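Reading through the structure tokens given below for one structure.
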Amino acid sequence: PDEGSAELRSKLVEKIARENGLTAADNDVFITVGANQAFVNLCLALFDPGDGVVLFRPFYFNHYMACQMTNLVPCLCDTTDELRPDMAALRRLLESSSSNVRAVSVVNPGNPTGILLTRAELEELSSLCRERGIWLIVDNTYEHFLWTDSDGDCDGDNGSRRHMCVEGDHVVNIFSFSKAYGMMGWRIGYLCFPMANEALRSGLFKVQDTLVICPPGLSQRVALGCLEAGSAWVADDTRLGSVRRNRAAVKTALTSLLGESNVKGGDGAIYFFCRLPQHIPASQLTDTDGEGGEGGEGGQWASDECVVRWLVREYGVVVIPGSACGSPGHIRVAFANLGEDKCADAAERLGKGLGKLVELQRGAVHEM
């Protein structure tokens, strides 16, 4: 079926009630080819060209591109200094007469920030959207990735480290099998949406049938196996334990060079979001062929994209430039993509690269 197999959908309704606290009787489930397609489906099913979707900066770049691709307007909203949603800024944006906002979208825990939203934040977002008669879209792809700094462990009994969901007739939740169950290439995600909204259901059917017809049957069978294993399989130390240790190694490398105030997030998902040393001369990051030295601010100072290329070239490490997420001068650093030994090596190399940037910054400040 277009919406996914009845067996898998039934099991997912049980899952969202058991693990996410969503009311089974009020919510329906629609299977998609990954969480990214779920977001695109919503863009096409809910909105018209020119409608606005609020994204908090730094934003998840695929959501930004999905809005562009479907002729929607990404309306960027500021976050606080700690990269949490700035509710006052959101209110101002929603009250602006020039905005045609139809939805607010967040990722929880965040990509690229690794910020885990609290129940209070989610409820305030939900309330604001309800007041304005607009949708709240929450991408919960990293729901199983929660960390603390005391021992790096997941603390499901601590409200500050528990993944929360909200629901309502204006709320759509997105979930994924990709990260927790290692099913990136199998492409299975799902939407949880208000069961009473027949217009949305009809729109989702039209989009799904046009784009992919239905999710792959084999992938859906694998997803059923994942649900049988359950969240306990995900939380087993042989799996999340290695990610926890990677996180510790990467955080040590980042904070020791950049300082704790410049390293944000990491309490959820698999990312830190870091402010780079500023005023690095672009000429210092140019190779012998003149490549890689493109700068910002008129070309004098190295941009984050320039720094990222330099880190690849000189130190063999890959990070995402903050400008790809609407926040120039920053980088997104992932800690779940490598085995422990390789991650430790990568963290050491990244630390050497950041140390060189700090050294170049000090030299540039001294000459200014």
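All residue names refer to the structure tokens as shown: chains lettered A, B, ... in order, residues numbered from 1 in each chain, ligands numbered from 1 in order.
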
- Task: Identify, on the basis of only C-alpha atoms, every residue whose closest approach to segment 81-85 of chain A does not exceed 10 Å; exclude the query and any residue fewer than 3 positions from it along the same chain; express the result as JSON, numbers by chain.
- Result: {"A": [55, 56, 57, 58, 77, 78, 88, 89, 90, 106, 110, 113, 114, 115, 116, 117, 118, 121, 122, 125, 261, 262, 263, 264, 265, 273]}

Against segment 19-34 of chain A, which residues of segment 136-201 of chain A fall within 9 Å? For each one I want the closest pair of atoms and the distance in Å (one decimal), counting only C-alpha atoms, rows by chain and increasing residue number, as a Markdown table.
| residue | atom | partner | partner_atom | distance |
| --- | --- | --- | --- | --- |
| A:His163 | CA | A:Asn20 | CA | 8.0 |
| A:Met164 | CA | A:Asn20 | CA | 6.8 |
| A:Cys165 | CA | A:Asn20 | CA | 6.0 |
| A:Val166 | CA | A:Leu22 | CA | 7.4 |
| A:Glu167 | CA | A:Leu22 | CA | 6.6 |
| A:Gly168 | CA | A:Asp26 | CA | 8.5 |
| A:Asp169 | CA | A:Asp26 | CA | 8.8 |
| A:Phe175 | CA | A:Gly34 | CA | 8.5 |
| A:Ser176 | CA | A:Gly34 | CA | 6.3 |
| A:Phe177 | CA | A:Gly34 | CA | 7.7 |
| A:Ser178 | CA | A:Gly34 | CA | 7.4 |
| A:Met184 | CA | A:Gly34 | CA | 8.1 |
| A:Trp186 | CA | A:Gly34 | CA | 8.2 |
| A:Arg187 | CA | A:Gly34 | CA | 4.4 |
| A:Ile188 | CA | A:Gly34 | CA | 4.3 |
| A:Gly189 | CA | A:Gly34 | CA | 4.0 |
| A:Tyr190 | CA | A:Ile31 | CA | 4.3 |
| A:Leu191 | CA | A:Phe30 | CA | 5.1 |
| A:Cys192 | CA | A:Val29 | CA | 4.7 |
| A:Phe193 | CA | A:Asn27 | CA | 5.5 |
| A:Pro194 | CA | A:Asn27 | CA | 4.8 |
| A:Met195 | CA | A:Asn27 | CA | 4.7 |
| A:Ala196 | CA | A:Asp26 | CA | 7.3 |
| A:Arg201 | CA | A:Phe30 | CA | 8.5 |

Please write the residues from the selection above to a file, keeping N, CA and C atoms, as a PDB file, in the first residue's frame.
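The result, stored in again30.pdb:
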ATOM      1  N   HIS A 163      13.900  12.284  25.849  1.00  0.00           N
ATOM      2  CA  HIS A 163      13.311  12.805  24.618  1.00  0.00           C
ATOM      3  C   HIS A 163      11.803  12.908  24.779  1.00  0.00           C
ATOM      4  N   MET A 164      11.266  14.076  24.444  1.00  0.00           N
ATOM      5  CA  MET A 164       9.847  14.327  24.616  1.00  0.00           C
ATOM      6  C   MET A 164       9.185  14.575  23.256  1.00  0.00           C
ATOM      7  N   CYS A 165       7.896  14.273  23.189  1.00  0.00           N
ATOM      8  CA  CYS A 165       7.087  14.597  22.013  1.00  0.00           C
ATOM      9  C   CYS A 165       5.840  15.359  22.446  1.00  0.00           C
ATOM     10  N   VAL A 166       5.319  16.177  21.544  1.00  0.00           N
ATOM     11  CA  VAL A 166       4.022  16.820  21.754  1.00  0.00           C
ATOM     12  C   VAL A 166       3.094  16.378  20.631  1.00  0.00           C
ATOM     13  N   GLU A 167       1.803  16.536  20.876  1.00  0.00           N
ATOM     14  CA  GLU A 167       0.823  16.159  19.867  1.00  0.00           C
ATOM     15  C   GLU A 167      -0.302  17.174  19.854  1.00  0.00           C
ATOM     16  N   GLY A 168      -1.127  17.119  18.814  1.00  0.00           N
ATOM     17  CA  GLY A 168      -2.254  18.018  18.671  1.00  0.00           C
ATOM     18  C   GLY A 168      -2.748  17.991  17.239  1.00  0.00           C
ATOM     19  N   ASP A 169      -3.873  18.656  16.999  1.00  0.00           N
ATOM     20  CA  ASP A 169      -4.425  18.634  15.651  1.00  0.00           C
ATOM     21  C   ASP A 169      -3.648  19.516  14.689  1.00  0.00           C
ATOM     22  N   PHE A 175       9.693  10.520  12.261  1.00  0.00           N
ATOM     23  CA  PHE A 175      10.608   9.566  12.884  1.00  0.00           C
ATOM     24  C   PHE A 175      11.393   8.825  11.796  1.00  0.00           C
ATOM     25  N   SER A 176      12.436   8.131  12.222  1.00  0.00           N
ATOM     26  CA  SER A 176      13.293   7.430  11.261  1.00  0.00           C
ATOM     27  C   SER A 176      13.888   6.177  11.875  1.00  0.00           C
ATOM     28  N   PHE A 177      14.141   5.176  11.036  1.00  0.00           N
ATOM     29  CA  PHE A 177      14.886   3.984  11.439  1.00  0.00           C
ATOM     30  C   PHE A 177      16.381   4.128  11.125  1.00  0.00           C
ATOM     31  N   SER A 178      16.760   5.166  10.418  1.00  0.00           N
ATOM     32  CA  SER A 178      18.103   5.238   9.836  1.00  0.00           C
ATOM     33  C   SER A 178      19.213   5.248  10.872  1.00  0.00           C
ATOM     34  N   MET A 184      20.390   3.436   7.293  1.00  0.00           N
ATOM     35  CA  MET A 184      20.464   4.597   6.400  1.00  0.00           C
ATOM     36  C   MET A 184      20.153   4.240   4.957  1.00  0.00           C
ATOM     37  N   TRP A 186      18.545   1.667   3.817  1.00  0.00           N
ATOM     38  CA  TRP A 186      17.276   0.961   3.631  1.00  0.00           C
ATOM     39  C   TRP A 186      16.102   1.921   3.481  1.00  0.00           C
ATOM     40  N   ARG A 187      16.278   3.159   3.921  1.00  0.00           N
ATOM     41  CA  ARG A 187      15.337   4.254   3.695  1.00  0.00           C
ATOM     42  C   ARG A 187      13.921   3.973   4.187  1.00  0.00           C
ATOM     43  N   ILE A 188      13.767   3.960   5.511  1.00  0.00           N
ATOM     44  CA  ILE A 188      12.436   3.872   6.107  1.00  0.00           C
ATOM     45  C   ILE A 188      12.295   4.947   7.184  1.00  0.00           C
ATOM     46  N   GLY A 189      11.322   5.823   6.968  1.00  0.00           N
ATOM     47  CA  GLY A 189      10.925   6.804   7.972  1.00  0.00           C
ATOM     48  C   GLY A 189       9.419   6.748   8.108  1.00  0.00           C
ATOM     49  N   TYR A 190       8.875   7.571   8.980  1.00  0.00           N
ATOM     50  CA  TYR A 190       7.414   7.588   9.087  1.00  0.00           C
ATOM     51  C   TYR A 190       6.934   8.891   9.708  1.00  0.00           C
ATOM     52  N   LEU A 191       5.715   9.244   9.327  1.00  0.00           N
ATOM     53  CA  LEU A 191       5.024  10.419   9.843  1.00  0.00           C
ATOM     54  C   LEU A 191       3.973   9.982  10.851  1.00  0.00           C
ATOM     55  N   CYS A 192       3.849  10.729  11.923  1.00  0.00           N
ATOM     56  CA  CYS A 192       2.747  10.560  12.864  1.00  0.00           C
ATOM     57  C   CYS A 192       1.924  11.842  12.798  1.00  0.00           C
ATOM     58  N   PHE A 193       0.673  11.743  12.355  1.00  0.00           N
ATOM     59  CA  PHE A 193      -0.136  12.931  12.100  1.00  0.00           C
ATOM     60  C   PHE A 193      -1.548  12.749  12.661  1.00  0.00           C
ATOM     61  N   PRO A 194      -2.295  13.835  12.845  1.00  0.00           N
ATOM     62  CA  PRO A 194      -3.635  13.740  13.423  1.00  0.00           C
ATOM     63  C   PRO A 194      -4.554  12.864  12.582  1.00  0.00           C
ATOM     64  N   MET A 195      -5.090  11.833  13.194  1.00  0.00           N
ATOM     65  CA  MET A 195      -5.919  10.876  12.477  1.00  0.00           C
ATOM     66  C   MET A 195      -7.161  11.526  11.867  1.00  0.00           C
ATOM     67  N   ALA A 196      -7.685  12.550  12.506  1.00  0.00           N
ATOM     68  CA  ALA A 196      -8.928  13.167  12.040  1.00  0.00           C
ATOM     69  C   ALA A 196      -8.734  14.051  10.817  1.00  0.00           C
ATOM     70  N   ARG A 201      -4.222  13.449   5.096  1.00  0.00           N
ATOM     71  CA  ARG A 201      -4.059  12.058   4.659  1.00  0.00           C
ATOM     72  C   ARG A 201      -4.180  11.952   3.137  1.00  0.00           C
TER      73      ARG A 201
END

From segment 70-250 of chain A, collect each residue whose DSSP state is strand (DSSP E) and return the set as a compact mmCIF listing (two decimals) with all heavy atoms, in the first residue's frame.
# COMPACT_ATOMS: atom_id res chain seq x y z
N VAL A 73 9.11 29.37 1.25
CA VAL A 73 10.03 30.40 1.71
C VAL A 73 10.58 30.02 3.09
O VAL A 73 9.81 30.02 4.06
CB VAL A 73 9.34 31.77 1.79
CG1 VAL A 73 10.33 32.83 2.29
CG2 VAL A 73 8.76 32.16 0.44
N PRO A 74 11.87 29.68 3.20
CA PRO A 74 12.43 29.42 4.53
C PRO A 74 12.51 30.73 5.30
O PRO A 74 13.19 31.67 4.88
CB PRO A 74 13.83 28.87 4.22
CG PRO A 74 13.84 28.54 2.76
CD PRO A 74 12.86 29.47 2.13
N CYS A 75 11.81 30.81 6.41
CA CYS A 75 11.81 32.00 7.26
C CYS A 75 12.73 31.73 8.44
O CYS A 75 12.38 30.94 9.33
CB CYS A 75 10.40 32.33 7.73
SG CYS A 75 9.21 32.61 6.41
N LEU A 76 13.90 32.33 8.45
CA LEU A 76 14.91 31.99 9.44
C LEU A 76 14.68 32.77 10.73
O LEU A 76 14.49 33.98 10.72
CB LEU A 76 16.30 32.27 8.89
CG LEU A 76 16.66 31.54 7.59
CD1 LEU A 76 18.10 31.80 7.20
CD2 LEU A 76 16.38 30.05 7.71
N CYS A 77 14.73 32.04 11.83
CA CYS A 77 14.52 32.62 13.15
C CYS A 77 15.77 32.39 13.99
O CYS A 77 16.39 31.32 13.92
CB CYS A 77 13.30 31.99 13.82
SG CYS A 77 12.85 32.75 15.41
N VAL A 101 3.73 32.78 7.15
CA VAL A 101 4.19 31.54 7.76
C VAL A 101 3.04 30.57 7.92
O VAL A 101 1.98 30.91 8.44
CB VAL A 101 4.85 31.82 9.13
CG1 VAL A 101 5.15 30.52 9.85
CG2 VAL A 101 6.12 32.64 8.96
N ARG A 102 3.27 29.34 7.48
CA ARG A 102 2.29 28.28 7.62
C ARG A 102 2.74 27.17 8.56
O ARG A 102 1.96 26.29 8.90
CB ARG A 102 1.98 27.68 6.24
CG ARG A 102 1.32 28.63 5.26
CD ARG A 102 -0.13 28.89 5.65
NE ARG A 102 -0.85 27.65 5.89
CZ ARG A 102 -1.31 26.85 4.93
NH1 ARG A 102 -1.12 27.15 3.65
NH2 ARG A 102 -1.98 25.75 5.23
N ALA A 103 4.02 27.20 8.94
CA ALA A 103 4.53 26.13 9.81
C ALA A 103 5.82 26.55 10.49
O ALA A 103 6.55 27.42 10.00
CB ALA A 103 4.77 24.85 9.02
N VAL A 104 6.08 25.94 11.64
CA VAL A 104 7.37 26.02 12.32
C VAL A 104 7.94 24.61 12.35
O VAL A 104 7.23 23.65 12.66
CB VAL A 104 7.21 26.55 13.76
CG1 VAL A 104 8.54 26.49 14.50
CG2 VAL A 104 6.67 27.97 13.76
N SER A 105 9.21 24.48 11.99
CA SER A 105 9.85 23.16 11.93
C SER A 105 11.08 23.13 12.84
O SER A 105 11.89 24.06 12.82
CB SER A 105 10.26 22.83 10.49
OG SER A 105 10.91 21.58 10.43
N VAL A 106 11.18 22.08 13.64
CA VAL A 106 12.35 21.89 14.50
C VAL A 106 12.82 20.44 14.39
O VAL A 106 12.05 19.55 14.04
CB VAL A 106 12.05 22.22 15.98
CG1 VAL A 106 11.78 23.70 16.15
CG2 VAL A 106 10.90 21.39 16.51
N VAL A 107 14.10 20.24 14.69
CA VAL A 107 14.67 18.89 14.78
C VAL A 107 15.03 18.67 16.24
O VAL A 107 15.72 19.49 16.86
CB VAL A 107 15.91 18.74 13.89
CG1 VAL A 107 16.44 17.31 13.96
CG2 VAL A 107 15.60 19.13 12.45
N TRP A 135 1.05 24.95 11.47
CA TRP A 135 1.54 23.62 11.80
C TRP A 135 2.85 23.69 12.60
O TRP A 135 3.66 24.60 12.39
CB TRP A 135 1.77 22.80 10.54
CG TRP A 135 0.52 22.39 9.85
CD1 TRP A 135 -0.11 23.05 8.83
CD2 TRP A 135 -0.26 21.22 10.12
NE1 TRP A 135 -1.24 22.37 8.45
CE2 TRP A 135 -1.36 21.24 9.22
CE3 TRP A 135 -0.15 20.17 11.02
CZ2 TRP A 135 -2.33 20.24 9.21
CZ3 TRP A 135 -1.10 19.17 11.01
CH2 TRP A 135 -2.19 19.22 10.12
N LEU A 136 3.04 22.71 13.45
CA LEU A 136 4.33 22.46 14.08
C LEU A 136 4.82 21.10 13.57
O LEU A 136 4.14 20.09 13.73
CB LEU A 136 4.22 22.43 15.60
CG LEU A 136 5.50 22.00 16.36
CD1 LEU A 136 6.63 22.98 16.09
CD2 LEU A 136 5.23 21.87 17.86
N ILE A 137 6.00 21.11 12.95
CA ILE A 137 6.61 19.89 12.43
C ILE A 137 7.85 19.59 13.27
O ILE A 137 8.75 20.43 13.38
CB ILE A 137 7.01 20.04 10.95
CG1 ILE A 137 5.78 20.38 10.10
CG2 ILE A 137 7.68 18.77 10.43
CD1 ILE A 137 6.11 20.77 8.66
N VAL A 138 7.89 18.40 13.86
CA VAL A 138 9.02 18.02 14.72
C VAL A 138 9.68 16.77 14.14
O VAL A 138 9.04 15.72 14.02
CB VAL A 138 8.58 17.76 16.17
CG1 VAL A 138 9.81 17.49 17.04
CG2 VAL A 138 7.77 18.93 16.72
N ASP A 139 10.95 16.90 13.78
CA ASP A 139 11.73 15.77 13.27
C ASP A 139 12.46 15.13 14.44
O ASP A 139 13.35 15.73 15.05
CB ASP A 139 12.73 16.28 12.22
CG ASP A 139 13.49 15.16 11.53
OD1 ASP A 139 13.65 14.08 12.14
OD2 ASP A 139 13.96 15.37 10.40
N VAL A 171 -0.03 19.32 14.89
CA VAL A 171 1.34 18.80 15.07
C VAL A 171 1.55 17.56 14.22
O VAL A 171 0.71 16.65 14.20
CB VAL A 171 1.61 18.46 16.55
CG1 VAL A 171 3.02 17.90 16.71
CG2 VAL A 171 1.41 19.69 17.44
N VAL A 172 2.69 17.52 13.52
CA VAL A 172 3.13 16.33 12.81
C VAL A 172 4.52 15.95 13.31
O VAL A 172 5.41 16.81 13.38
CB VAL A 172 3.18 16.53 11.28
CG1 VAL A 172 3.65 15.24 10.59
CG2 VAL A 172 1.83 16.97 10.74
N ASN A 173 4.71 14.72 13.71
CA ASN A 173 6.00 14.21 14.16
C ASN A 173 6.61 13.32 13.08
O ASN A 173 5.91 12.50 12.47
CB ASN A 173 5.84 13.41 15.45
CG ASN A 173 5.70 14.29 16.67
OD1 ASN A 173 6.68 14.88 17.13
ND2 ASN A 173 4.48 14.41 17.20
N ILE A 174 7.90 13.49 12.84
CA ILE A 174 8.65 12.68 11.90
C ILE A 174 9.60 11.78 12.67
O ILE A 174 10.25 12.22 13.62
CB ILE A 174 9.45 13.56 10.92
CG1 ILE A 174 8.52 14.42 10.07
CG2 ILE A 174 10.35 12.71 10.02
CD1 ILE A 174 9.24 15.43 9.19
N PHE A 175 9.69 10.52 12.26
CA PHE A 175 10.61 9.57 12.88
C PHE A 175 11.39 8.83 11.80
O PHE A 175 11.03 8.87 10.61
CB PHE A 175 9.84 8.55 13.73
CG PHE A 175 9.09 9.15 14.89
CD1 PHE A 175 7.76 9.53 14.75
CD2 PHE A 175 9.69 9.33 16.12
CE1 PHE A 175 7.05 10.08 15.81
CE2 PHE A 175 9.00 9.87 17.20
CZ PHE A 175 7.67 10.25 17.03
N SER A 176 12.44 8.13 12.22
CA SER A 176 13.29 7.43 11.26
C SER A 176 13.89 6.18 11.87
O SER A 176 14.13 6.12 13.09
CB SER A 176 14.43 8.36 10.81
OG SER A 176 15.34 7.67 9.98
N GLY A 189 11.32 5.82 6.97
CA GLY A 189 10.93 6.80 7.97
C GLY A 189 9.42 6.75 8.11
O GLY A 189 8.75 5.97 7.42
N TYR A 190 8.88 7.57 8.98
CA TYR A 190 7.41 7.59 9.09
C TYR A 190 6.93 8.89 9.71
O TYR A 190 7.65 9.56 10.47
CB TYR A 190 6.88 6.39 9.88
CG TYR A 190 7.46 6.17 11.26
CD1 TYR A 190 6.73 6.49 12.40
CD2 TYR A 190 8.70 5.57 11.43
CE1 TYR A 190 7.23 6.25 13.66
CE2 TYR A 190 9.22 5.33 12.69
CZ TYR A 190 8.49 5.67 13.80
OH TYR A 190 8.99 5.44 15.05
N LEU A 191 5.72 9.24 9.33
CA LEU A 191 5.02 10.42 9.84
C LEU A 191 3.97 9.98 10.85
O LEU A 191 3.27 8.99 10.64
CB LEU A 191 4.31 11.16 8.70
CG LEU A 191 5.17 11.89 7.67
CD1 LEU A 191 4.35 12.16 6.43
CD2 LEU A 191 5.69 13.18 8.25
N CYS A 192 3.85 10.73 11.92
CA CYS A 192 2.75 10.56 12.86
C CYS A 192 1.92 11.84 12.80
O CYS A 192 2.43 12.92 13.12
CB CYS A 192 3.30 10.34 14.26
SG CYS A 192 2.04 10.25 15.54
N PHE A 193 0.67 11.74 12.35
CA PHE A 193 -0.14 12.93 12.10
C PHE A 193 -1.55 12.75 12.66
O PHE A 193 -1.97 11.62 12.94
CB PHE A 193 -0.19 13.22 10.60
CG PHE A 193 -0.93 12.20 9.78
CD1 PHE A 193 -2.26 12.40 9.43
CD2 PHE A 193 -0.30 11.03 9.36
CE1 PHE A 193 -2.95 11.46 8.68
CE2 PHE A 193 -0.97 10.09 8.60
CZ PHE A 193 -2.31 10.30 8.26
N PRO A 194 -2.30 13.84 12.84
CA PRO A 194 -3.64 13.74 13.42
C PRO A 194 -4.55 12.86 12.58
O PRO A 194 -4.78 13.13 11.40
CB PRO A 194 -4.12 15.19 13.45
CG PRO A 194 -2.88 16.02 13.40
CD PRO A 194 -1.90 15.23 12.58

Using only C-alpha atoms, tabulate the residues of segment 244-339 of chain A lying at most 12 Å from any atom of segment 223-238 of chain A, each with its closest atom pair and that distance in Å to one decimal, by chain and increasing residue number, as CSV.
residue,atom,partner,partner_atom,distance
A:Arg244,CA,A:Asp237,CA,9.0
A:Arg245,CA,A:Asp237,CA,10.5
A:Gly339,CA,A:Thr238,CA,11.7

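Here atom CA of Ser126 of chain A stands at a distance of 16.3 Å from atom CA of Pro109 of chain A.
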
- Message: For the structure I just gave you, how does DSSP split segment 69-257 of chain A - specifically, which residues are helix (DSSP H, G or I)? Reply as an NGL selection string.
- Response: :A and (69 or 87-95 or 119-132 or 159-161 or 184-186 or 198-211 or 217-235 or 237-257)

I'd like a table as a tab-separated table: residues in segment 251-345 of chain A with an atom no more than 9 Å from segment 140-150 of chain A, each row giving the shortest atom pair and its distance in Å to one decimal, only C-alpha atoms counted, sorted by chain and rising residue number.
residue	atom	partner	partner_atom	distance
A:Gly266	CA	A:Trp147	CA	7.3
A:Asp267	CA	A:Trp147	CA	4.9
A:Gly268	CA	A:Leu146	CA	4.4
A:Ala269	CA	A:Phe145	CA	4.9
A:Ile270	CA	A:Phe145	CA	7.1

Grab the residues selected above and save them as a PDB file, in the first residue's frame with N, CA and C atoms.
ATOM      1  N   GLY A 266      25.539  18.645  21.719  1.00  0.00           N
ATOM      2  CA  GLY A 266      26.086  17.360  22.105  1.00  0.00           C
ATOM      3  C   GLY A 266      25.323  16.670  23.214  1.00  0.00           C
ATOM      4  N   ASP A 267      24.225  17.296  23.734  1.00  0.00           N
ATOM      5  CA  ASP A 267      23.444  16.589  24.745  1.00  0.00           C
ATOM      6  C   ASP A 267      22.441  15.634  24.120  1.00  0.00           C
ATOM      7  N   GLY A 268      22.268  15.733  22.808  1.00  0.00           N
ATOM      8  CA  GLY A 268      21.447  14.799  22.054  1.00  0.00           C
ATOM      9  C   GLY A 268      22.005  14.665  20.653  1.00  0.00           C
ATOM     10  N   ALA A 269      21.462  13.739  19.882  1.00  0.00           N
ATOM     11  CA  ALA A 269      21.912  13.490  18.502  1.00  0.00           C
ATOM     12  C   ALA A 269      23.384  13.083  18.496  1.00  0.00           C
ATOM     13  N   ILE A 270      24.118  13.427  17.430  1.00  0.00           N
ATOM     14  CA  ILE A 270      25.499  12.967  17.279  1.00  0.00           C
ATOM     15  C   ILE A 270      26.419  14.103  16.841  1.00  0.00           C
TER      16      ILE A 270
END

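Rounded to one decimal, atom CA of Cys325 of chain A and atom CA of Tyr64 of chain A lie 8.4 Å from each other.
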
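The interatomic distance for the pair atom CA of Arg349 of chain A and atom CA of Leu240 of chain A works out to 23.4 Å.
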
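Residues within 7 Å of segment 204-218 of chain A, counting only C-alpha atoms and excluding same-chain residues fewer than 5 positions away, are Pro1, Asp2, Glu3, Gly4, Ile31, Thr32, Val33, Asn41, Leu44 and Ala45 of chain A.
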
So that I have them on file, write out the residues from the current selection with N, CA, C and O atoms, as a PDB file, in the first residue's frame.
ATOM      1  N   PRO A   1       0.822  -1.214   0.000  1.00  0.00           N
ATOM      2  CA  PRO A   1       0.000   0.000   0.000  1.00  0.00           C
ATOM      3  C   PRO A   1       0.857   1.267   0.000  1.00  0.00           C
ATOM      4  O   PRO A   1       1.984   1.252   0.519  1.00  0.00           O
ATOM      5  N   ASP A   2       0.321   2.338  -0.554  1.00  0.00           N
ATOM      6  CA  ASP A   2       1.062   3.592  -0.603  1.00  0.00           C
ATOM      7  C   ASP A   2       1.555   4.019   0.773  1.00  0.00           C
ATOM      8  O   ASP A   2       2.687   4.504   0.929  1.00  0.00           O
ATOM      9  N   GLU A   3       0.702   3.876   1.781  1.00  0.00           N
ATOM     10  CA  GLU A   3       1.010   4.374   3.118  1.00  0.00           C
ATOM     11  C   GLU A   3       1.873   3.422   3.933  1.00  0.00           C
ATOM     12  O   GLU A   3       2.238   3.715   5.077  1.00  0.00           O
ATOM     13  N   GLY A   4       2.247   2.287   3.362  1.00  0.00           N
ATOM     14  CA  GLY A   4       3.037   1.296   4.073  1.00  0.00           C
ATOM     15  C   GLY A   4       2.192   0.115   4.503  1.00  0.00           C
ATOM     16  O   GLY A   4       0.959   0.174   4.506  1.00  0.00           O
ATOM     17  N   ILE A  31       4.118   5.590   6.347  1.00  0.00           N
ATOM     18  CA  ILE A  31       5.504   5.168   6.118  1.00  0.00           C
ATOM     19  C   ILE A  31       6.060   5.888   4.890  1.00  0.00           C
ATOM     20  O   ILE A  31       5.395   5.999   3.857  1.00  0.00           O
ATOM     21  N   THR A  32       7.298   6.350   4.999  1.00  0.00           N
ATOM     22  CA  THR A  32       7.948   7.064   3.890  1.00  0.00           C
ATOM     23  C   THR A  32       9.316   6.458   3.603  1.00  0.00           C
ATOM     24  O   THR A  32       9.817   5.627   4.358  1.00  0.00           O
ATOM     25  N   VAL A  33       9.917   6.893   2.519  1.00  0.00           N
ATOM     26  CA  VAL A  33      11.255   6.426   2.144  1.00  0.00           C
ATOM     27  C   VAL A  33      12.280   7.310   2.860  1.00  0.00           C
ATOM     28  O   VAL A  33      12.951   8.146   2.262  1.00  0.00           O
ATOM     29  N   ASN A  41       7.285  15.292   1.652  1.00  0.00           N
ATOM     30  CA  ASN A  41       5.861  14.980   1.511  1.00  0.00           C
ATOM     31  C   ASN A  41       4.991  16.043   2.180  1.00  0.00           C
ATOM     32  O   ASN A  41       3.974  16.480   1.636  1.00  0.00           O
ATOM     33  N   LEU A  44       4.836  19.349   0.247  1.00  0.00           N
ATOM     34  CA  LEU A  44       3.972  19.284  -0.928  1.00  0.00           C
ATOM     35  C   LEU A  44       2.503  19.102  -0.559  1.00  0.00           C
ATOM     36  O   LEU A  44       1.614  19.594  -1.267  1.00  0.00           O
ATOM     37  N   ALA A  45       2.244  18.406   0.537  1.00  0.00           N
ATOM     38  CA  ALA A  45       0.856  18.105   0.899  1.00  0.00           C
ATOM     39  C   ALA A  45       0.177  19.230   1.664  1.00  0.00           C
ATOM     40  O   ALA A  45      -1.045  19.406   1.567  1.00  0.00           O
TER      41      ALA A  45
END
